[in-house]
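Enquirer: Contents are mmCIF, C-alpha atoms; file name input_1.cif:
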data_upload
loop_
_atom_site.label_atom_id
_atom_site.label_comp_id
_atom_site.auth_asym_id
_atom_site.auth_seq_id
_atom_site.Cartn_x
_atom_site.Cartn_y
_atom_site.Cartn_z
CA MET A 1 -1.38 -20.06 -3.52
CA ASN A 2 0.70 -22.77 -5.19
CA GLU A 3 2.00 -25.01 -2.42
CA ASN A 4 4.98 -26.05 -4.57
CA LEU A 5 6.44 -22.54 -4.65
CA VAL A 6 9.85 -21.93 -3.08
CA VAL A 7 10.29 -18.62 -1.25
CA LEU A 8 13.46 -17.09 0.22
CA ILE A 9 13.03 -14.59 3.05
CA THR A 10 15.93 -12.64 4.54
CA GLY A 11 16.19 -11.61 8.18
CA THR A 12 14.08 -14.45 9.58
CA ARG A 13 15.56 -14.68 13.07
CA LYS A 14 12.95 -12.38 14.60
CA GLY A 15 10.34 -9.70 13.94
CA ILE A 16 8.67 -9.39 10.56
CA GLY A 17 11.02 -11.91 8.97
CA ARG A 18 10.23 -14.64 11.47
CA TYR A 19 6.51 -13.96 11.14
CA LEU A 20 6.74 -14.20 7.34
CA ALA A 21 8.73 -17.44 7.50
CA GLU A 22 6.15 -19.06 9.77
CA TYR A 23 3.27 -17.59 7.78
CA TYR A 24 4.43 -18.92 4.41
CA VAL A 25 5.27 -22.33 5.88
CA GLU A 26 1.66 -22.47 7.04
CA GLN A 27 0.58 -21.51 3.50
CA GLY A 28 2.33 -24.59 2.15
CA TYR A 29 5.44 -22.98 0.69
CA PHE A 30 8.93 -24.40 0.86
CA VAL A 31 10.55 -21.59 2.86
CA ILE A 32 14.24 -20.69 3.00
CA GLY A 33 15.34 -18.17 5.60
CA CYS A 34 18.60 -16.50 6.50
CA SER A 35 20.05 -14.30 9.22
CA ARG A 36 23.40 -13.41 10.69
CA GLN A 37 22.74 -15.40 13.85
CA GLU A 38 21.22 -18.80 14.58
CA ILE A 39 17.46 -19.04 15.05
CA ASP A 40 15.64 -20.53 18.05
CA TYR A 41 12.77 -22.22 16.20
CA GLN A 42 12.15 -25.00 13.70
CA ALA A 43 9.40 -25.57 11.18
CA LYS A 44 8.47 -28.19 8.63
CA ASN A 45 9.61 -27.34 5.09
CA TYR A 46 11.89 -24.61 6.42
CA LEU A 47 15.62 -24.38 5.68
CA HIS A 48 17.85 -21.79 7.37
CA PHE A 49 21.21 -20.29 6.43
CA CYS A 50 23.45 -18.13 8.61
CA LEU A 51 25.24 -15.42 6.64
CA ASP A 52 25.77 -11.71 6.12
CA ILE A 53 23.63 -10.74 3.12
CA SER A 54 26.24 -8.16 2.04
CA ASP A 55 28.89 -10.91 1.74
CA GLU A 56 28.89 -11.80 -1.96
CA ILE A 57 30.77 -15.08 -1.52
CA ALA A 58 28.40 -16.27 1.22
CA VAL A 59 25.33 -15.23 -0.78
CA LYS A 60 26.51 -17.07 -3.90
CA LYS A 61 27.24 -20.17 -1.83
CA MET A 62 23.70 -20.07 -0.39
CA PHE A 63 22.19 -19.85 -3.86
CA LEU A 64 24.25 -22.82 -5.04
CA GLU A 65 22.74 -24.82 -2.18
CA ILE A 66 19.23 -23.59 -3.03
CA LYS A 67 19.71 -24.63 -6.64
CA LYS A 68 21.05 -28.03 -5.60
CA ILE A 69 18.21 -28.74 -3.13
CA TYR A 70 15.16 -27.12 -4.77
CA LYS A 71 16.26 -26.69 -8.41
CA ARG A 72 14.35 -23.38 -8.45
CA LEU A 73 13.37 -20.20 -6.61
CA ASP A 74 10.00 -18.56 -7.11
CA CYS A 75 9.86 -15.68 -4.64
CA LEU A 76 12.38 -13.51 -2.82
CA ILE A 77 11.33 -11.30 0.09
CA ASN A 78 14.15 -8.91 1.00
CA ASN A 79 13.09 -8.18 4.57
CA ALA A 80 16.50 -7.91 6.27
CA GLY A 81 17.56 -4.39 7.16
CA ILE A 82 19.04 -2.18 9.84
CA ALA A 83 18.13 1.34 10.89
CA SER A 84 19.91 4.37 12.29
CA MET A 85 17.96 6.83 14.43
CA ASN A 86 20.43 9.70 14.75
CA HIS A 87 20.66 13.34 13.76
CA CYS A 88 22.90 13.60 10.70
CA LEU A 89 25.48 15.58 12.72
CA LEU A 90 25.72 12.70 15.20
CA THR A 91 25.88 9.80 12.73
CA PRO A 92 29.34 8.16 12.52
CA ILE A 93 30.62 6.92 9.18
CA ASN A 94 30.68 3.28 10.29
CA THR A 95 26.93 3.51 10.92
CA VAL A 96 26.44 4.94 7.43
CA GLU A 97 28.48 2.12 5.90
CA ASN A 98 26.67 -0.60 7.87
CA VAL A 99 23.22 0.69 6.92
CA LEU A 100 24.07 1.03 3.23
CA ARG A 101 25.87 -2.31 3.11
CA THR A 102 22.97 -4.25 4.62
CA ASN A 103 20.00 -2.37 3.18
CA VAL A 104 21.27 -1.56 -0.30
CA VAL A 105 24.16 -3.90 -1.11
CA GLY A 106 22.47 -6.86 0.58
CA SER A 107 19.16 -6.33 -1.20
CA PHE A 108 20.94 -5.91 -4.53
CA LEU A 109 23.01 -9.08 -4.11
CA LEU A 110 20.01 -11.19 -3.12
CA SER A 111 17.90 -9.77 -5.95
CA ARG A 112 20.61 -10.32 -8.54
CA GLU A 113 21.28 -13.93 -7.55
CA ALA A 114 17.58 -14.70 -7.16
CA ALA A 115 16.84 -13.32 -10.62
CA LYS A 116 19.52 -15.58 -12.13
CA LEU A 117 17.76 -18.61 -10.67
CA MET A 118 14.27 -17.36 -11.52
CA GLN A 119 15.35 -16.58 -15.08
CA LYS A 120 15.72 -20.30 -15.84
CA ASN A 121 12.00 -20.85 -15.25
CA ARG A 122 11.06 -17.45 -16.70
CA TRP A 123 8.94 -16.63 -13.65
CA GLY A 124 9.58 -14.98 -10.33
CA ARG A 125 8.55 -12.47 -7.70
CA ILE A 126 10.89 -10.12 -5.84
CA VAL A 127 9.56 -8.00 -2.98
CA ASN A 128 11.82 -5.39 -1.41
CA PHE A 129 11.29 -3.36 1.76
CA ALA A 130 11.17 0.44 1.89
CA THR A 131 9.85 2.61 4.73
CA VAL A 132 7.44 5.47 5.30
CA ALA A 133 10.44 7.37 6.73
CA THR A 134 11.33 8.22 3.12
CA PRO A 135 8.14 9.97 1.93
CA LEU A 136 7.58 11.49 5.40
CA LYS A 137 11.15 12.90 5.41
CA LEU A 138 11.54 11.88 9.04
CA GLU A 139 14.11 13.82 11.01
CA GLY A 140 16.76 11.65 12.64
CA GLU A 141 16.53 8.95 9.98
CA ALA A 142 18.52 10.47 7.12
CA ILE A 143 20.72 7.48 6.31
CA TYR A 144 18.01 4.88 6.90
CA ALA A 145 15.50 6.76 4.75
CA ALA A 146 18.13 7.38 2.05
CA SER A 147 19.01 3.69 1.93
CA LYS A 148 15.37 2.79 1.47
CA SER A 149 14.95 5.47 -1.19
CA ALA A 150 17.74 3.70 -3.03
CA ILE A 151 15.77 0.45 -2.70
CA ILE A 152 12.78 2.05 -4.43
CA SER A 153 14.94 3.19 -7.36
CA LEU A 154 16.66 -0.18 -7.49
CA SER A 155 13.30 -1.96 -7.61
CA GLN A 156 11.91 0.29 -10.33
CA ILE A 157 14.91 -0.23 -12.60
CA MET A 158 15.23 -3.96 -11.93
CA ALA A 159 11.51 -4.27 -12.70
CA ARG A 160 12.22 -3.01 -16.21
CA GLU A 161 15.35 -5.09 -16.65
CA LEU A 162 13.71 -8.33 -15.51
CA ALA A 163 10.27 -7.92 -17.08
CA GLU A 164 11.22 -9.95 -20.16
CA TYR A 165 11.77 -12.97 -17.89
CA ASN A 166 8.33 -12.62 -16.24
CA ILE A 167 9.99 -11.56 -13.00
CA THR A 168 8.21 -8.77 -11.14
CA VAL A 169 9.93 -6.48 -8.63
CA ASN A 170 7.86 -4.48 -6.17
CA THR A 171 8.34 -2.70 -2.87
CA ILE A 172 6.41 -2.44 0.38
CA GLY A 173 6.88 0.50 2.76
CA PRO A 174 5.67 -0.40 6.25
CA THR A 175 4.70 2.05 8.95
CA PRO A 176 6.14 1.51 12.46
CA ILE A 177 5.47 -2.00 13.75
CA GLN A 178 6.26 -3.26 17.25
CA THR A 179 9.65 -4.79 16.51
CA ASP A 180 13.24 -4.21 17.67
CA LEU A 181 13.62 -1.67 14.86
CA ILE A 182 11.54 0.93 16.73
CA ARG A 183 12.32 -0.10 20.32
CA ALA A 184 14.78 2.77 20.80
CA ILE A 185 12.34 5.41 19.54
CA SER A 186 10.40 7.36 22.16
CA SER A 187 6.67 6.78 22.42
CA GLU A 188 6.15 10.52 21.81
CA LYS A 189 7.97 10.38 18.47
CA ILE A 190 6.07 7.23 17.45
CA GLU A 191 2.77 8.93 18.24
CA GLN A 192 3.77 11.99 16.19
CA LEU A 193 4.60 9.72 13.27
CA ILE A 194 1.28 7.86 13.56
CA GLN A 195 -0.58 11.16 13.43
CA ARG A 196 1.04 11.92 10.06
CA GLN A 197 -0.53 8.78 8.61
CA ALA A 198 -4.03 8.73 7.16
CA ILE A 199 -4.83 5.76 9.41
CA HIS A 200 -3.70 6.55 12.95
CA ARG A 201 -2.36 3.28 14.31
CA LEU A 202 0.76 1.15 14.36
CA GLY A 203 1.11 -1.36 11.59
CA ASN A 204 1.07 -5.09 12.26
CA PHE A 205 2.53 -8.21 10.69
CA GLU A 206 -0.72 -9.06 8.91
CA ASP A 207 -0.69 -5.68 7.15
CA VAL A 208 2.69 -6.60 5.68
CA SER A 209 1.84 -10.16 4.63
CA ASN A 210 -1.38 -8.92 2.99
CA VAL A 211 0.57 -6.66 0.59
CA ILE A 212 3.21 -9.32 -0.07
CA ASP A 213 0.46 -11.85 -0.84
CA PHE A 214 -0.86 -9.41 -3.44
CA PHE A 215 2.55 -8.88 -5.02
CA ILE A 216 3.47 -12.56 -5.30
CA GLN A 217 0.20 -14.09 -6.42
CA PRO A 218 0.18 -15.36 -10.03
CA LYS A 219 -2.58 -12.89 -10.99
CA SER A 220 -0.24 -9.98 -10.18
CA ASN A 221 1.89 -10.65 -13.27
CA PHE A 222 1.09 -7.14 -14.60
CA ILE A 223 2.15 -5.39 -11.37
CA THR A 224 5.83 -4.43 -11.27
CA GLY A 225 8.02 -1.48 -10.30
CA GLN A 226 5.43 -0.36 -7.74
CA THR A 227 5.73 0.77 -4.12
CA ILE A 228 2.87 0.47 -1.63
CA PHE A 229 3.25 2.49 1.56
CA LEU A 230 1.07 1.37 4.44
CA GLY A 231 -1.13 3.60 6.60
CA GLY A 232 -2.18 5.96 3.82
CA VAL A 233 1.27 7.52 3.49
CA SER A 234 2.14 8.75 0.01
#
Please lay out the structure from this file as structure tokens.

Expert:
Amino acid sequence: MNENLVVLITGTRKGIGRYLAEYYVEQGYFVIGCSRQEIDYQAKNYLHFCLDISDEIAVKKMFLEIKKIYKRLDCLINNAGIASMNHCLLTPINTVENVLRTNVVGSFLLSREAAKLMQKNRWGRIVNFATVATPLKLEGEAIYAASKSAIISLSQIMARELAEYNITVNTIGPTPIQTDLIRAISSEKIEQLIQRQAIHRLGNFEDVSNVIDFFIQPKSNFITGQTIFLGGVS
């Protein structure tokens, strides 16, 4: 990996995002993270912003700072997201709006602004997050799965629109990982989900970083518009 690369990761306060921030710092990247709340850790070559990724004004302000400090952005990892684990008949409209605003609007805004900065150097990598809840058609996750289905379509179309600038756009679809996102789900339901995978185990952080490493490496310049679901889900 090129140690001079600058990577922006959303949702780095905890869970997968925090792991990725620490992982890419260790790899020698200049890492920028963001979250709605303050973080409780520090790392060398790590810069943090507090903002709502669906707030266009705040997002544009962050990118102005990134441009001023680093003069470039090489990779964007759109990790931030929220889930809703409710039957469709029990899902209030404010939950629907919050999920779509964070997962879809937020990912679009970050991708759009990142691509503008990447365009100047005619090189970039964007990695978005989907979920196996979409192909598995998981009951109780209608809005969450729908929002991530939108991310797959968004990624596929942006991949075509940005290809001329040597910017690739790909998507990773993790299986359940031990984070706050699945804490409210019963162990019985998690086990049922695992049994629907080809590989019957929970995912882990290393599974995620392995796929992202593949997407962002320079040799993957011919890989774009693709989605890799973990655990053998298709």

Enquirer: Just need the box for segment 103-122 of chain A, edges along x, y and z, holding every atom the file lists for it with 3 Å tacked onto each side, so centre and edge lengths in Å to one decimal, as lines of an AutoDock Vina configuration file.

Expert:
center_x = 17.6
center_y = -11.2
center_z = -6.8
size_x = 19.1
size_y = 25.3
size_z = 25.9

Enquirer: The PyMOL selection byres ((chain A and resi 217) around 12) - which residues does that actually catch in the file I just gave you? List them as a ChimeraX atom specification.

Expert: /A:1-3,5,74-75,123-127,168,209-216,218-223

Enquirer: Identify all residues satisfying the PyMOL selection byres ((chain A and resi 9-15) around 9) in the given file; provide them as JSON, numbers by chain.

Expert: {"A": [7, 8, 16, 17, 18, 19, 20, 21, 31, 32, 33, 34, 35, 36, 37, 38, 39, 40, 41, 48, 53, 75, 76, 77, 78, 79, 80, 81, 110, 178, 179, 180, 181, 205]}

Enquirer: Pick the closest to Met85 of chain A from A:Asn204, A:Gln192, A:Ser186, A:Ser234: which is it, counting all atoms listed in the file?

Expert: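 Of A:Asn204, A:Gln192, A:Ser186, A:Ser234, the one nearest Met85 of chain A is A:Ser186, counting all atoms listed in the file.
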
Enquirer: Taking the file as I've supplied it (selection: the PyMOL selection byres ((chain A and resi 60) around 12)), which residues are included? Please answer as a list of chain:residue names.

Expert: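 For this structure, the PyMOL selection byres ((chain A and resi 60) around 12) resolves to A:Leu51, A:Asp52, A:Ile53, A:Ser54, A:Asp55, A:Glu56, A:Ile57, A:Ala58, A:Val59, A:Lys61, A:Met62, A:Phe63, A:Leu64, A:Glu65, A:Ile66, A:Lys67, A:Gly106, A:Leu109, A:Leu110, A:Ser111, A:Arg112, A:Glu113, A:Ala114, A:Lys116, A:Leu117.
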
Enquirer: Any idea what the distance is between atom CA of Phe30 of chain A and atom CA of Leu154 of chain A?

Expert: 26.8 Å

Enquirer: Within 10 Å of (13.3, -1.8, -6.2) in the file's own coordinates, which protein, DNA or RNA residues have an atom, counting only C-alpha atoms? List them as a PyMOL selection string.

Expert: chain A and resi 104+107-108+111+126-130+148-159+168-172+224-227

Enquirer: Between atom CA of Arg72 of chain A and atom CA of Pro174 of chain A, what is the distance in Å, rounded to a tenth?

Expert: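 The value is 28.6 Å.
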
Enquirer: My list of candidates is A:Thr175, A:Ser187, A:Gln42, A:Thr95. Which is closest to Pro135 of chain A when distances are computed with all atoms listed in the file?

Expert: A:Thr175

Enquirer: Provide the atom CA of Tyr29 of chain A to atom CA of Val6 of chain A distance in Å, to one decimal place.

Expert: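 Between these atoms lies a distance of 5.9 Å.
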
Enquirer: Could you tell me which of A:Glu206, A:Ile167, A:His200, A:Leu90 comes closest to Gly140 of chain A if we count only C-alpha atoms?

Expert: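 The closest residue to Gly140 of chain A is A:Leu90.
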
Enquirer: Looking at only C-alpha atoms, which of A:Ile177, A:Ala43, A:Ala83, A:Ile194 is the one that sits closest to Gly28 of chain A?

Expert: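 Using only C-alpha atoms, the shortest distance to Gly28 of chain A belongs to A:Ala43.
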